[in-house]
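Engineer: Take this structure, written in structure tokens, and hold onto it; I'll ask about it next.
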Amino acid sequence: MLNKYARAFFTRVLTPFAAFLLRRGVSPDAVTLVGTVGVMAGALVFFPRGEFFWGTIVITAFVFSDLVDGNMARQAGISSRWGAFLDSTLDRVADGAVFGGFALWYAGTGDNNVLCAVSIFCLASGQVVSYTKARGESIGLPVAVNGLVERAERLVISLVAAGLAGLGAFGVPGIGILLPIALWVVAVGSAVTLGQRVVTVRREAAEADAAARADGPSDGRSGKPSDGPSGADSGRRGSEAAS
């Protein structure tokens with residue numbers, strides 16, 4: 001839902017800013033790199049110290065680079081496989097930093113091993129959820145499912161909760177409970193999404209194998225990713241479907 005509506009809205013809003021950066025000679029790759037560094041700094045500098053409000057503000061300021069770089073590439077007509085690869089790869093790095101920051105807090109001053117483990121699960125499951133779609137597409141399957149909790153939902157739920165929980169430092173009582181609740185929601189939602197994608201890939205693989213047998217002998221089945229174009233190589237800048 002967020003990919004379909006929120007992304008389109010913010011893309012329109014950020015189009016003038018993307019055009020401004022292009023006129024100043026800034027490249028989409030530079031925006032991608034700066035955005036990732038900014039997210040990592042906000043997550044790994046502020047979150048481990050329990051400064052969730054300011055960390056969320058910094059991360060939010062940089063996370064929109066994920067929309068700006070793609071917008072710039074489309075306006076300049078330079079969308080490329082390299083751009084899509086770089087953007088998707090650095091998205092995983094940024095996501096890891098966010099949940100890694102939560103894990104460091106709960107492993108240290110936050111002193112809660114259970115929530116530390118939940119944060120690590122959110123980190124790992126988010127990576128695997130993205131991998132299942134990319135791996136399925138690399139073997140020629142459409143992976144026609146998004147799932148309950150994609151990257152946009154994971155970030156919004158986690159960052160909104162973290163930002164609100166950070167208001168506890170300004171004297172707002174009882175609001176710190178929002179972050180643990182959000183982490184559990186993301187963990188469960190990611191597990192459900194992973195299950196949805198695995199079931200979909202299994203069904204699509206069975207259908208593809210059945211169709212191949214019906215068509216006659218083939219070159220055999222390969223467990224390796226194909227060398228040719230696939231759904232993962234969309235040619236677009238960034239992950240427009242934010243897996």
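Residue numbering restarts at 1 in every chain; chains get A, B, ... in the order shown in the structure tokens, and ligands count up from 1 in that same order.
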Residues of region 7-234 of chain A in alpha helix (DSSP H) according to DSSP, as a PyMOL selection string?

Structural biologist: chain A and resi 7-23+28-41+52-63+65-76+81-107+113-138+151-165+178-215

Engineer: Excluding region 97-111 of chain A and its own-chain neighbours fewer than 5 positions away, which residues fall within 10 Å of it when counting only C-alpha atoms? Please give them as a PyMOL selection string.

Structural biologist: chain A and resi 36-37+39-52+55-56+59+91-92+116-124+126+155+158-159+162+179-180+183

Engineer: What lies within 10 Å of region 20-33 of chain A using only C-alpha atoms, ignoring chain neighbours under 4 positions off, as a VMD selection string?

Structural biologist: chain A and resid 14 to 16 37 to 38 62 to 76 78 to 79 82 to 83 86 to 88 90 to 91 237 to 238

Engineer: So how far away is CA of Thr193 (chain A) from CA of Gly136 (chain A), in Å?

Structural biologist: 14.4 Å

Engineer: Which residue, A:Phe17, A:Trp54, A:Arg12, A:Glu150, has the smallest gap to Gly163 (chain A) when you use only C-alpha atoms?

Structural biologist: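 Under the stated criterion, the closest residue is A:Trp54.
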
Engineer: To one decimal place in Å, what is the distance between CA of Ala165 (chain A) and CA of Val114 (chain A)?

Structural biologist: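 CA of Ala165 (chain A) sits 18.1 Å away from CA of Val114 (chain A).
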
Engineer: Mind pulling up the distance from CA of Val186 (chain A) to CA of Glu137 (chain A)?

Structural biologist: 24.4 Å

Engineer: For Val188 (chain A), which residue among A:Gly77, A:Ala61, A:Leu148, A:Ala94 is the nearest when counting only C-alpha atoms?

Structural biologist: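 So, comparing all the options, the nearest one is A:Leu148.
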